[in-house]
$ cat run_35.cif   # mmCIF, C-alpha atoms
data_structure
#
loop_
_atom_site.label_atom_id
_atom_site.label_comp_id
_atom_site.auth_asym_id
_atom_site.auth_seq_id
_atom_site.Cartn_x
_atom_site.Cartn_y
_atom_site.Cartn_z
CA MET A 961 0.00 0.00 0.00
CA THR A 962 1.53 3.26 -1.22
CA THR A 963 0.45 6.88 -1.09
CA TYR A 964 1.61 9.07 -3.96
CA PHE A 965 1.63 12.87 -3.77
CA ILE A 966 2.61 14.55 -7.02
CA ASP A 967 2.89 18.33 -7.38
CA THR A 968 5.43 18.46 -10.23
CA VAL A 969 5.66 16.92 -13.70
CA GLU A 970 5.99 13.13 -13.95
CA GLN A 971 6.64 12.18 -17.56
CA SER A 972 7.33 8.97 -19.48
CA ALA A 973 8.29 8.56 -23.15
CA ALA A 974 8.33 4.76 -22.99
CA GLU A 975 6.23 2.84 -25.52
CA ASP A 976 3.27 0.82 -24.24
CA ALA A 977 4.08 1.72 -20.67
CA PRO A 978 2.42 3.83 -17.95
CA THR A 979 3.80 6.93 -16.38
CA LEU A 980 2.44 5.71 -13.01
CA ASP A 981 1.07 2.29 -12.06
CA LEU A 982 -1.09 1.67 -8.97
CA THR A 983 -0.94 -1.95 -7.84
CA GLY A 984 -3.43 -2.18 -4.99
CA ASN A 985 -4.66 -0.32 -1.92
CA ASP A 986 -2.77 2.69 -3.28
CA SER A 987 -3.70 6.34 -3.02
CA LEU A 988 -2.80 9.07 -5.49
CA LEU A 989 -3.12 12.80 -4.90
CA LEU A 990 -2.26 14.82 -7.98
CA ALA A 991 -1.98 18.42 -6.81
CA PRO A 992 -3.18 21.35 -8.97
CA THR A 993 0.43 21.92 -10.05
CA GLY A 994 1.06 18.24 -10.71
CA GLN A 995 1.12 16.55 -14.10
CA LEU A 996 1.17 12.94 -15.30
CA VAL A 997 2.34 12.88 -18.90
CA ALA A 998 2.77 9.94 -21.29
CA THR A 999 4.34 10.80 -24.66
CA GLY A 1000 5.44 7.35 -25.85
CA GLU A 1001 3.54 5.43 -28.50
CA GLY A 1002 0.76 3.44 -26.87
CA GLY A 1003 1.62 4.94 -23.51
CA THR A 1004 -0.88 5.47 -20.70
CA ALA A 1005 -0.49 8.18 -18.08
CA LEU A 1006 -2.06 6.20 -15.21
CA THR A 1007 -2.82 2.49 -14.89
CA LEU A 1008 -4.44 0.51 -12.10
CA ASP A 1009 -3.41 -3.17 -12.11
CA SER A 1010 -5.86 -6.06 -12.28
CA GLY A 1011 -4.64 -7.36 -8.94
CA GLY A 1012 -5.28 -4.08 -7.22
CA ASN A 1013 -8.12 -3.19 -4.88
CA ASN A 1014 -9.37 -0.15 -2.98
CA ASN A 1015 -7.42 2.37 -5.02
CA ILE A 1016 -8.22 6.00 -4.22
CA VAL A 1017 -7.36 8.58 -6.87
CA LEU A 1018 -7.76 12.36 -6.46
CA LEU A 1019 -6.80 14.35 -9.54
CA ASP A 1020 -6.63 18.13 -9.10
CA GLY A 1021 -3.87 18.50 -11.67
CA THR A 1022 -3.42 17.46 -15.30
CA VAL A 1023 -3.19 14.05 -16.94
CA MET A 1024 -2.04 14.01 -20.58
CA SER A 1025 -1.36 11.05 -22.83
CA SER A 1026 -0.55 10.20 -26.44
CA GLY A 1027 -2.59 7.03 -25.84
CA ASP A 1028 -5.18 6.49 -23.11
CA GLY A 1029 -5.31 8.75 -20.10
CA ILE A 1030 -6.34 6.30 -17.35
CA ASP A 1031 -6.66 2.51 -17.69
CA ASP A 1032 -8.38 0.85 -14.73
CA SER A 1033 -8.21 -2.95 -14.45
CA SER A 1034 -8.47 -3.07 -10.66
CA THR A 1035 -11.34 -4.62 -8.73
CA PHE A 1036 -12.28 -1.30 -7.12
CA MET A 1037 -11.42 2.34 -7.79
CA ASN A 1038 -12.66 5.58 -6.28
CA LEU A 1039 -11.79 8.47 -8.61
CA THR A 1040 -12.37 12.18 -7.98
CA LEU A 1041 -11.49 14.54 -10.83
CA ASN A 1042 -11.27 18.30 -10.36
CA GLY A 1043 -8.47 18.78 -12.87
CA THR A 1044 -8.10 17.72 -16.51
CA VAL A 1045 -7.59 14.41 -18.28
CA SER A 1046 -6.68 14.86 -21.95
CA ALA A 1047 -5.88 11.80 -24.05
CA ALA A 1048 -5.34 11.07 -27.74
CA GLY A 1049 -7.28 7.83 -27.31
CA VAL A 1050 -9.67 7.12 -24.42
CA GLY A 1051 -9.79 9.46 -21.44
CA LEU A 1052 -10.79 6.76 -18.94
CA SER A 1053 -11.07 3.03 -19.65
CA LEU A 1054 -12.77 0.76 -17.09
CA ASP A 1055 -12.12 -2.99 -17.36
CA GLU A 1056 -15.10 -5.37 -17.14
CA SER A 1057 -13.86 -7.00 -13.93
CA GLY A 1058 -13.92 -3.92 -11.71
CA VAL A 1059 -16.20 -1.58 -9.81
CA ALA A 1060 -15.67 2.15 -10.12
CA TYR A 1061 -17.03 5.19 -8.29
CA ILE A 1062 -16.29 8.33 -10.31
CA SER A 1063 -16.96 11.91 -9.27
CA ILE A 1064 -16.14 14.76 -11.66
CA GLY A 1065 -16.30 18.20 -10.09
CA ALA A 1066 -17.46 21.41 -11.71
CA SER A 1067 -13.91 22.22 -12.87
CA GLY A 1068 -13.16 18.65 -13.95
CA VAL A 1069 -12.64 17.72 -17.60
CA MET A 1070 -12.45 14.16 -18.92
CA ASP A 1071 -11.56 14.32 -22.61
CA GLY A 1072 -10.55 11.64 -25.07
CA ALA A 1073 -9.91 12.44 -28.70
CA ASN A 1074 -11.93 9.30 -29.49
CA ILE A 1075 -13.88 8.42 -26.32
CA GLY A 1076 -14.21 10.25 -23.03
CA ILE A 1077 -15.11 7.25 -20.84
CA LEU A 1078 -15.24 3.61 -21.96
CA ALA A 1079 -16.93 1.55 -19.23
CA ASP A 1080 -16.96 -2.25 -19.62
CA ALA A 1081 -17.27 -2.66 -15.86
CA ASN A 1082 -20.48 -3.48 -14.03
CA ASN A 1083 -21.70 -1.39 -11.09
CA THR A 1084 -20.10 1.80 -12.36
CA GLN A 1085 -21.31 4.94 -10.63
CA LEU A 1086 -20.60 8.26 -12.29
CA ILE A 1087 -21.61 11.69 -10.99
CA ASN A 1088 -20.53 14.46 -13.35
CA SER A 1089 -20.63 18.17 -12.61
CA GLY A 1090 -17.91 19.02 -15.12
CA THR A 1091 -17.34 18.02 -18.74
CA VAL A 1092 -16.98 14.61 -20.37
CA SER A 1093 -16.14 14.73 -24.06
CA GLY A 1094 -14.99 12.61 -26.98
CA ALA A 1095 -15.18 13.17 -30.73
CA GLN A 1096 -16.69 9.71 -31.21
CA SER A 1097 -18.46 9.27 -27.88
CA ALA A 1098 -18.47 11.08 -24.58
CA ILE A 1099 -19.40 7.80 -22.83
CA ILE A 1100 -19.67 4.22 -24.02
CA MET A 1101 -21.42 2.18 -21.34
CA ASN A 1102 -21.18 -1.58 -21.86
CA GLY A 1103 -21.71 -2.55 -18.23
CA THR A 1104 -24.36 -1.83 -15.64
CA GLY A 1105 -24.44 1.26 -13.50
CA ILE A 1106 -25.81 4.64 -12.53
CA ILE A 1107 -24.98 7.94 -14.26
CA VAL A 1108 -26.00 11.39 -13.03
CA ASN A 1109 -25.02 14.31 -15.24
CA ASP A 1110 -25.18 17.78 -13.68
CA GLY A 1111 -22.59 19.10 -16.11
CA THR A 1112 -21.96 18.51 -19.81
CA PHE A 1113 -21.54 15.46 -22.06
CA VAL A 1114 -20.25 16.26 -25.57
CA GLY A 1115 -19.71 13.83 -28.43
CA ALA A 1116 -21.15 12.67 -31.73
CA ASN A 1117 -22.64 9.91 -29.58
CA ALA A 1118 -22.88 11.62 -26.23
CA LEU A 1119 -23.95 8.30 -24.68
CA LEU A 1120 -23.71 4.91 -26.40
CA VAL A 1121 -25.18 2.10 -24.30
CA ASP A 1122 -24.97 -1.69 -24.53
CA SER A 1123 -26.22 -2.63 -21.08
CA THR A 1124 -29.18 -4.38 -19.51
CA ALA A 1125 -29.31 -2.23 -16.38
CA LEU A 1126 -28.48 1.45 -16.62
CA THR A 1127 -30.07 4.39 -14.84
CA PHE A 1128 -29.18 7.72 -16.43
CA THR A 1129 -30.37 11.07 -15.08
CA ASN A 1130 -29.50 14.25 -16.95
CA ASN A 1131 -29.82 17.53 -15.09
CA GLY A 1132 -27.34 19.36 -17.28
CA LEU A 1133 -26.51 19.39 -21.00
CA VAL A 1134 -26.09 16.41 -23.29
CA SER A 1135 -24.79 17.52 -26.69
CA GLY A 1136 -24.94 14.60 -29.11
CA THR A 1137 -27.06 11.51 -29.58
CA ILE A 1138 -28.09 8.97 -26.98
CA GLU A 1139 -28.11 5.56 -28.60
CA SER A 1140 -28.85 2.07 -27.39
CA ASP A 1141 -26.76 -0.57 -29.16
CA GLY A 1142 -28.52 -3.79 -28.16
CA ALA A 1143 -29.34 -2.54 -24.66
CA SER A 1144 -32.70 -2.94 -22.96
CA ASN A 1145 -34.56 -1.91 -19.81
CA LEU A 1146 -32.86 1.45 -19.53
CA ALA A 1147 -34.24 4.12 -17.21
CA LEU A 1148 -33.52 7.55 -18.71
CA THR A 1149 -34.65 10.78 -17.05
CA ASN A 1150 -34.01 14.18 -18.60
CA ASN A 1151 -34.47 17.23 -16.38
CA GLY A 1152 -32.04 19.34 -18.39
CA THR A 1153 -31.32 19.63 -22.11
CA ILE A 1154 -30.54 16.92 -24.64
CA ALA A 1155 -29.38 18.38 -27.96
CA GLY A 1156 -29.47 15.29 -30.13
CA ALA A 1157 -31.57 12.33 -31.17
CA ILE A 1158 -32.47 9.47 -28.81
CA SER A 1159 -32.66 5.89 -30.07
CA LEU A 1160 -33.78 3.07 -27.76
CA ILE A 1161 -34.39 -0.65 -28.31
CA SER A 1162 -36.66 -2.51 -25.90
CA GLY A 1163 -38.38 -2.24 -22.52
CA ASP A 1164 -37.01 1.22 -21.77
CA THR A 1165 -38.44 4.15 -19.84
CA LEU A 1166 -37.85 7.75 -20.87
CA VAL A 1167 -39.06 10.53 -18.56
CA ASN A 1168 -38.64 14.05 -19.90
CA THR A 1169 -39.27 17.11 -17.74
CA GLY A 1170 -36.75 19.24 -19.62
CA THR A 1171 -35.97 19.88 -23.29
CA ILE A 1172 -35.09 17.40 -26.02
CA ARG A 1173 -33.96 18.86 -29.34
CA GLY A 1174 -34.01 15.91 -31.72
CA ASN A 1175 -36.06 12.96 -32.85
CA VAL A 1176 -36.91 10.21 -30.37
CA PHE A 1177 -36.97 6.62 -31.65
CA MET A 1178 -38.56 4.18 -29.22
CA GLY A 1179 -38.35 0.43 -29.78
CA THR A 1180 -40.70 -2.26 -28.45
CA GLY A 1181 -42.49 -2.21 -25.11
CA GLU A 1182 -41.40 1.34 -24.31
CA THR A 1183 -42.77 4.06 -22.01
CA LEU A 1184 -42.36 7.81 -22.64
CA ASP A 1185 -43.66 10.29 -20.04
CA ASN A 1186 -43.23 13.85 -21.27
CA THR A 1187 -43.97 16.87 -19.09
CA GLY A 1188 -41.32 18.98 -20.83
CA ILE A 1189 -40.89 19.75 -24.52
CA ILE A 1190 -39.64 17.57 -27.37
CA HIS A 1191 -38.60 19.48 -30.51
CA GLY A 1192 -38.75 16.56 -32.94
CA ASP A 1193 -40.63 13.48 -34.04
CA VAL A 1194 -41.38 10.48 -31.82
CA SER A 1195 -41.77 7.00 -33.28
CA PHE A 1196 -42.39 3.51 -31.89
CA VAL A 1197 -41.65 0.07 -33.38
CA GLY A 1198 -43.76 -2.65 -31.76
CA GLY A 1199 -44.91 -4.19 -28.52
CA THR A 1200 -47.10 -2.43 -25.98
CA ASN A 1201 -45.98 1.20 -25.85
CA VAL A 1202 -47.26 4.09 -23.73
CA LEU A 1203 -46.81 7.80 -24.45
CA ASN A 1204 -48.17 10.37 -22.02
CA THR A 1205 -47.63 13.98 -23.01
CA SER A 1206 -50.75 15.30 -21.29
CA HIS A 1207 -48.66 17.89 -19.44
CA GLY A 1208 -45.97 18.37 -22.06
CA GLU A 1209 -45.42 19.39 -25.68
CA ILE A 1210 -44.19 17.54 -28.76
CA THR A 1211 -43.64 19.79 -31.76
CA GLY A 1212 -43.17 16.96 -34.26
CA THR A 1213 -45.20 13.92 -35.27
CA VAL A 1214 -45.83 10.87 -33.07
CA THR A 1215 -46.01 7.61 -35.04
CA GLY A 1216 -47.12 4.26 -33.66
CA GLY A 1217 -45.69 0.87 -34.52
CA SER A 1218 -46.95 -2.65 -34.94
CA GLY A 1219 -47.94 -3.15 -31.31
CA SER A 1220 -50.72 -1.92 -29.04
CA ASP A 1221 -49.93 1.73 -28.35
CA THR A 1222 -51.57 4.26 -26.03
CA PHE A 1223 -50.89 7.92 -26.82
CA THR A 1224 -52.29 10.73 -24.65
CA ALA A 1225 -51.98 14.46 -25.41
CA GLY A 1226 -52.56 17.55 -23.28
CA SER A 1227 -53.32 21.23 -23.82
CA ASP A 1228 -50.82 21.66 -26.67
CA ALA A 1229 -51.67 20.53 -30.19
CA VAL A 1230 -50.21 17.18 -31.23
CA THR A 1231 -49.93 15.09 -34.37
CA PHE A 1232 -50.51 11.36 -33.85
CA ILE A 1233 -50.22 8.76 -36.60
CA GLY A 1234 -51.25 5.23 -35.78
CA GLY A 1235 -49.28 2.18 -36.83
CA SER A 1236 -50.40 -1.32 -37.68
CA GLY A 1237 -51.34 -2.33 -34.13
CA THR A 1238 -54.41 -1.72 -32.00
CA GLU A 1239 -53.96 1.78 -30.64
CA VAL A 1240 -55.61 4.27 -28.32
CA LEU A 1241 -54.96 7.81 -29.59
CA THR A 1242 -56.24 10.54 -27.28
CA GLY A 1243 -55.97 14.24 -28.03
CA GLY A 1244 -56.23 17.06 -25.52
CA ALA A 1245 -57.35 20.66 -25.49
CA GLY A 1246 -55.30 21.64 -28.54
CA ASP A 1247 -56.24 21.49 -32.22
CA ASP A 1248 -54.88 18.00 -32.78
CA VAL A 1249 -54.19 16.04 -35.95
CA ILE A 1250 -54.79 12.33 -35.39
CA THR A 1251 -54.57 9.71 -38.13
CA ALA A 1252 -55.48 6.09 -37.48
CA GLY A 1253 -53.29 3.30 -38.82
CA SER A 1254 -54.16 -0.11 -40.19
CA GLY A 1255 -55.19 -1.55 -36.83
CA LYS A 1256 -58.39 -1.31 -34.81
CA ASP A 1257 -57.84 2.11 -33.29
CA THR A 1258 -59.74 4.18 -30.74
CA ILE A 1259 -59.51 7.92 -31.35
CA THR A 1260 -60.54 10.74 -29.03
CA GLY A 1261 -59.98 14.23 -30.34
CA GLY A 1262 -60.50 16.05 -27.07
CA LYS A 1263 -61.65 19.63 -26.62
CA GLY A 1264 -59.92 21.32 -29.55
CA ASP A 1265 -60.92 21.67 -33.18
CA ASP A 1266 -59.34 18.46 -34.36
CA LEU A 1267 -58.58 16.92 -37.74
CA LEU A 1268 -59.14 13.17 -37.50
CA THR A 1269 -58.59 10.58 -40.20
CA ALA A 1270 -59.78 6.98 -40.17
CA GLY A 1271 -57.43 4.19 -41.16
CA THR A 1272 -58.01 0.84 -42.83
CA GLY A 1273 -58.93 -0.95 -39.61
CA ARG A 1274 -62.29 -0.72 -37.84
CA ASP A 1275 -61.81 2.52 -35.92
CA THR A 1276 -63.89 4.04 -33.15
CA PHE A 1277 -64.17 7.80 -32.62
CA ILE A 1278 -65.08 8.78 -29.04
CA TYR A 1279 -67.10 11.92 -28.17
CA ASN A 1280 -68.06 13.09 -24.70
CA GLY A 1281 -69.18 16.72 -24.59
CA ASN A 1282 -67.14 19.87 -25.25
CA PHE A 1283 -65.38 18.23 -28.15
CA GLY A 1284 -65.03 21.32 -30.32
CA ASN A 1285 -65.53 21.48 -34.07
CA ASP A 1286 -63.93 18.34 -35.47
CA THR A 1287 -63.41 17.02 -38.98
CA ILE A 1288 -63.27 13.30 -39.74
CA ASN A 1289 -61.77 12.23 -43.06
CA LYS A 1290 -62.13 8.81 -44.71
CA PHE A 1291 -64.83 7.56 -42.34
CA ASN A 1292 -65.92 4.13 -43.58
CA VAL A 1293 -69.70 3.80 -43.21
CA HIS A 1294 -70.85 0.44 -41.78
CA HIS A 1295 -67.26 -0.26 -40.76
CA ASP A 1296 -66.08 2.52 -38.46
CA ILE A 1297 -67.95 3.65 -35.35
CA ILE A 1298 -68.73 7.00 -33.73
CA HIS A 1299 -69.48 6.72 -30.02
CA PHE A 1300 -71.40 9.46 -28.18
CA ALA A 1301 -71.75 9.81 -24.43
CA ALA A 1302 -75.38 9.56 -23.27
CA ASN A 1303 -75.42 13.22 -22.21
CA ASP A 1304 -74.65 14.20 -25.84
CA PHE A 1305 -76.97 11.83 -27.69
CA ALA A 1306 -78.69 8.97 -25.91
CA SER A 1307 -79.85 7.12 -29.03
CA TYR A 1308 -79.82 7.13 -32.80
CA SER A 1309 -83.29 8.63 -32.90
CA ALA A 1310 -82.03 11.55 -30.78
CA LEU A 1311 -79.05 11.97 -33.10
CA GLU A 1312 -80.86 11.88 -36.47
CA SER A 1313 -82.36 15.35 -36.23
CA HIS A 1314 -78.85 16.78 -35.64
CA MET A 1315 -77.43 15.30 -38.88
CA VAL A 1316 -77.61 17.20 -42.17
CA GLN A 1317 -76.16 16.98 -45.65
CA ALA A 1318 -73.95 20.01 -46.33
CA GLY A 1319 -72.69 19.81 -49.88
CA THR A 1320 -70.47 16.75 -50.16
CA ASP A 1321 -70.20 16.38 -46.37
CA VAL A 1322 -72.37 15.20 -43.49
CA VAL A 1323 -72.44 17.51 -40.47
CA ILE A 1324 -73.44 16.49 -36.94
CA THR A 1325 -74.13 19.47 -34.67
CA LEU A 1326 -74.47 19.12 -30.91
CA ASP A 1327 -74.52 22.86 -30.16
CA ALA A 1328 -72.96 26.12 -31.33
CA ASN A 1329 -69.49 25.07 -30.11
CA ASP A 1330 -69.46 21.35 -30.87
CA SER A 1331 -69.83 19.75 -34.28
CA ILE A 1332 -68.44 16.98 -36.48
CA VAL A 1333 -67.90 17.24 -40.23
CA LEU A 1334 -67.67 13.85 -41.98
CA THR A 1335 -66.07 14.69 -45.31
CA HIS A 1336 -67.24 13.21 -48.62
CA GLU A 1337 -70.11 11.27 -47.05
CA THR A 1338 -73.79 10.88 -47.93
CA LEU A 1339 -76.40 11.19 -45.20
CA ALA A 1340 -78.60 8.44 -46.64
CA ASN A 1341 -75.78 5.91 -46.23
CA PHE A 1342 -75.69 6.25 -42.43
CA SER A 1343 -77.67 4.02 -40.08
CA SER A 1344 -77.78 3.16 -36.39
CA SER A 1345 -75.03 0.57 -36.97
CA ASP A 1346 -72.52 3.41 -37.43
CA PHE A 1347 -73.02 4.72 -33.88
CA THR A 1348 -72.96 3.59 -30.29
CA PHE A 1349 -74.25 5.47 -27.24
CA GLY A 1350 -73.77 5.45 -23.52
#

$ encode --input "run_35.cif" --output "structure tokens"
Amino acid sequence: MTTYFIDTVEQSAAEDAPTLDLTGNDSLLLAPTGQLVATGEGGTALTLDSGGNNNIVLLDGTVMSSGDGIDDSSTFMNLTLNGTVSAAGVGLSLDESGVAYISIGASGVMDGANIGILADANNTQLINSGTVSGAQSAIIMNGTGIIVNDGTFVGANALLVDSTALTFTNNGLVSGTIESDGASNLALTNNGTIAGAISLISGDTLVNTGTIRGNVFMGTGETLDNTGIIHGDVSFVGGTNVLNTSHGEITGTVTGGSGSDTFTAGSDAVTFIGGSGTEVLTGGAGDDVITAGSGKDTITGGKGDDLLTAGTGRDTFIYNGNFGNDTINKFNVHHDIIHFAANDFASYSALESHMVQAGTDVVITLDANDSIVLTHETLANFSSSDFTFG
């Protein structure tokens, strides 16, 4: 067990060799004036051996390398970074056999010309208040763990994940894409800003209370709860998916997949497009645009003046008072259904007197503020079989 205190420049030009190697139960304090520098080909500034354990590393100075900055193969490392790690390769590499606790302070910088942090280890815990950056990826997470970002992640792929158990909370800025590469069951929470697209695979949960500037691609069996704003499109693939944006805003188009999807909007206008599955598409108080897919969909426009379009499946349009002035395109008589709450119309006989032919359209008027225009339809073609009540 050795304690290292470095407040000057420690430099190595050796090839494929570290400037400093921690072998186990070692402690390193790199003072603000201290430097660990590796200039040799394939050199690493700091390594932690595979036989090592309980290594404590405090970096207030500078780590620079022509190869990787820090290579951790130990069974346990506790790293605190308030200084700078700058590497031509990977800033920090975590071997799959170890456990690492990493804390990056507000002044800390972890930078790799290729990758900021490459984590193959399980049970990695990273709390970042500084900056993690890499031209290719800020972080590649192949093992399990917990990440909390209060600072900044910057990279073409800000976060690339191939893990079955990762919890990621962003309270700061993520600049770049978040991409799942075979991962599943990820728990992602954004309370800050993500400037980039998000692509997930299966069984994931995305909670957004902040801002996402980019498209969101959800896979199968996904859940998206949005109380913030998403500047982009949202799409789903298959499985049973749930989108709740009743207290949030999505400026792009939401598209369902092949599974059974439930989409719920709020006070802001949304655009929903159903997929091939059986879907529940519910608008809110905005002027929504909702298009059914090829499945058996249930569509509720909500309180705004909505533009609704039937699909090729047997669709049901739900109305329950204060529904605004809606338009339904491509309604298939004797195939699709319009359902009215009993306090709107209790029966077909009560409804008939409120239906008129208006040019090429059929108009149903409840009152001065609530009506339905069924485009390119003929009144004589309708019958009680096209409606349900209750």

$ closest_residue --input "run_35.cif" --among "A:Leu1008, A:Thr1276, A:Gly1136, A:Glu1056" --to "Met1037 (chain A)" --atoms "only C-alpha atoms"
A:Leu1008

$ resolve_selection --input "run_35.cif" --expression "the PyMOL selection byres ((chain A and resi 988-999) around 8)" --output "number ranges by chain"
A: 963-974, 978-980, 986-987, 1000-1001, 1003-1006, 1016-1027, 1043

$ residues_near_point --input "run_35.cif" --point "(-55.8, 13.5, -40.6)" --cutoff "12 Å" --atoms "all atoms listed in the file" --output "list of chain:residue names"
A:Thr1213, A:Val1230, A:Thr1231, A:Phe1232, A:Ile1233, A:Gly1234, A:Asp1247, A:Asp1248, A:Val1249, A:Ile1250, A:Thr1251, A:Ala1252, A:Gly1253, A:Ile1259, A:Gly1261, A:Asp1266, A:Leu1267, A:Leu1268, A:Thr1269, A:Ala1270, A:Gly1271, A:Asp1286, A:Thr1287, A:Ile1288, A:Asn1289, A:Lys1290, A:Phe1291, A:Leu1334, A:Thr1335

$ write_last_selection --input "run_35.cif" --atoms "C-alpha atoms" --output "mmCIF file, keeping the file's coordinate frame"
data_model
loop_
_atom_site.group_PDB
_atom_site.id
_atom_site.type_symbol
_atom_site.label_atom_id
_atom_site.label_comp_id
_atom_site.auth_asym_id
_atom_site.auth_seq_id
_atom_site.Cartn_x
_atom_site.Cartn_y
_atom_site.Cartn_z
ATOM 1 C CA THR A 1213 -45.200 13.920 -35.270
ATOM 2 C CA VAL A 1230 -50.210 17.180 -31.230
ATOM 3 C CA THR A 1231 -49.930 15.090 -34.370
ATOM 4 C CA PHE A 1232 -50.510 11.360 -33.850
ATOM 5 C CA ILE A 1233 -50.220 8.760 -36.600
ATOM 6 C CA GLY A 1234 -51.250 5.230 -35.780
ATOM 7 C CA ASP A 1247 -56.240 21.490 -32.220
ATOM 8 C CA ASP A 1248 -54.880 18.000 -32.780
ATOM 9 C CA VAL A 1249 -54.190 16.040 -35.950
ATOM 10 C CA ILE A 1250 -54.790 12.330 -35.390
ATOM 11 C CA THR A 1251 -54.570 9.710 -38.130
ATOM 12 C CA ALA A 1252 -55.480 6.090 -37.480
ATOM 13 C CA GLY A 1253 -53.290 3.300 -38.820
ATOM 14 C CA ILE A 1259 -59.510 7.920 -31.350
ATOM 15 C CA GLY A 1261 -59.980 14.230 -30.340
ATOM 16 C CA ASP A 1266 -59.340 18.460 -34.360
ATOM 17 C CA LEU A 1267 -58.580 16.920 -37.740
ATOM 18 C CA LEU A 1268 -59.140 13.170 -37.500
ATOM 19 C CA THR A 1269 -58.590 10.580 -40.200
ATOM 20 C CA ALA A 1270 -59.780 6.980 -40.170
ATOM 21 C CA GLY A 1271 -57.430 4.190 -41.160
ATOM 22 C CA ASP A 1286 -63.930 18.340 -35.470
ATOM 23 C CA THR A 1287 -63.410 17.020 -38.980
ATOM 24 C CA ILE A 1288 -63.270 13.300 -39.740
ATOM 25 C CA ASN A 1289 -61.770 12.230 -43.060
ATOM 26 C CA LYS A 1290 -62.130 8.810 -44.710
ATOM 27 C CA PHE A 1291 -64.830 7.560 -42.340
ATOM 28 C CA LEU A 1334 -67.670 13.850 -41.980
ATOM 29 C CA THR A 1335 -66.070 14.690 -45.310
#

$ resolve_selection --input "run_35.cif" --expression "the PyMOL selection byres ((chain A and resi 1278) around 7)" --output "list in words"
Ile1259, Thr1260, Thr1276, Phe1277, Tyr1279, Asn1280, Ile1298, His1299 and Phe1300 of chain A

$ residues_around --input "run_35.cif" --residues "Thr1104 (chain A)" --least-positions-apart "4" --cutoff "7 Å" --atoms "only C-alpha atoms" --output "list in words"
Asn1082, Asn1083, Thr1084, Ser1123, Thr1124, Ala1125 and Leu1126 of chain A

$ resolve_selection --input "run_35.cif" --expression "the PyMOL selection byres ((chain A and resi 1066-1079) around 8)" --output "PDB file with C-alpha atoms, in the frame of the given file"
ATOM      1  CA  ASP A1028      -5.180   6.490 -23.110  1.00  0.00           C
ATOM      2  CA  GLY A1029      -5.310   8.750 -20.100  1.00  0.00           C
ATOM      3  CA  LEU A1041     -11.490  14.540 -10.830  1.00  0.00           C
ATOM      4  CA  ASN A1042     -11.270  18.300 -10.360  1.00  0.00           C
ATOM      5  CA  GLY A1043      -8.470  18.780 -12.870  1.00  0.00           C
ATOM      6  CA  THR A1044      -8.100  17.720 -16.510  1.00  0.00           C
ATOM      7  CA  VAL A1045      -7.590  14.410 -18.280  1.00  0.00           C
ATOM      8  CA  SER A1046      -6.680  14.860 -21.950  1.00  0.00           C
ATOM      9  CA  ALA A1047      -5.880  11.800 -24.050  1.00  0.00           C
ATOM     10  CA  ALA A1048      -5.340  11.070 -27.740  1.00  0.00           C
ATOM     11  CA  GLY A1049      -7.280   7.830 -27.310  1.00  0.00           C
ATOM     12  CA  VAL A1050      -9.670   7.120 -24.420  1.00  0.00           C
ATOM     13  CA  GLY A1051      -9.790   9.460 -21.440  1.00  0.00           C
ATOM     14  CA  LEU A1052     -10.790   6.760 -18.940  1.00  0.00           C
ATOM     15  CA  SER A1053     -11.070   3.030 -19.650  1.00  0.00           C
ATOM     16  CA  LEU A1054     -12.770   0.760 -17.090  1.00  0.00           C
ATOM     17  CA  ASP A1055     -12.120  -2.990 -17.360  1.00  0.00           C
ATOM     18  CA  GLU A1056     -15.100  -5.370 -17.140  1.00  0.00           C
ATOM     19  CA  ILE A1064     -16.140  14.760 -11.660  1.00  0.00           C
ATOM     20  CA  GLY A1065     -16.300  18.200 -10.090  1.00  0.00           C
ATOM     21  CA  ASP A1080     -16.960  -2.250 -19.620  1.00  0.00           C
ATOM     22  CA  ALA A1081     -17.270  -2.660 -15.860  1.00  0.00           C
ATOM     23  CA  THR A1084     -20.100   1.800 -12.360  1.00  0.00           C
ATOM     24  CA  ASN A1088     -20.530  14.460 -13.350  1.00  0.00           C
ATOM     25  CA  SER A1089     -20.630  18.170 -12.610  1.00  0.00           C
ATOM     26  CA  GLY A1090     -17.910  19.020 -15.120  1.00  0.00           C
ATOM     27  CA  THR A1091     -17.340  18.020 -18.740  1.00  0.00           C
ATOM     28  CA  VAL A1092     -16.980  14.610 -20.370  1.00  0.00           C
ATOM     29  CA  SER A1093     -16.140  14.730 -24.060  1.00  0.00           C
ATOM     30  CA  GLY A1094     -14.990  12.610 -26.980  1.00  0.00           C
ATOM     31  CA  ALA A1095     -15.180  13.170 -30.730  1.00  0.00           C
ATOM     32  CA  GLN A1096     -16.690   9.710 -31.210  1.00  0.00           C
ATOM     33  CA  SER A1097     -18.460   9.270 -27.880  1.00  0.00           C
ATOM     34  CA  ALA A1098     -18.470  11.080 -24.580  1.00  0.00           C
ATOM     35  CA  ILE A1099     -19.400   7.800 -22.830  1.00  0.00           C
ATOM     36  CA  ILE A1100     -19.670   4.220 -24.020  1.00  0.00           C
ATOM     37  CA  MET A1101     -21.420   2.180 -21.340  1.00  0.00           C
ATOM     38  CA  ASN A1102     -21.180  -1.580 -21.860  1.00  0.00           C
ATOM     39  CA  GLY A1103     -21.710  -2.550 -18.230  1.00  0.00           C
ATOM     40  CA  GLY A1111     -22.590  19.100 -16.110  1.00  0.00           C
TER      41      GLY A1111
END

$ closest_residue --input "run_35.cif" --among "A:Asp1122, A:Glu1209, A:Asp1221, A:Asp1330" --to "Gly1181 (chain A)" --atoms "all atoms listed in the file"
A:Asp1221

$ atom_distance --input "run_35.cif" --atom1 "CA of Gly1255 (chain A)" --atom2 "CA of Phe1283 (chain A)"
23.9 Å
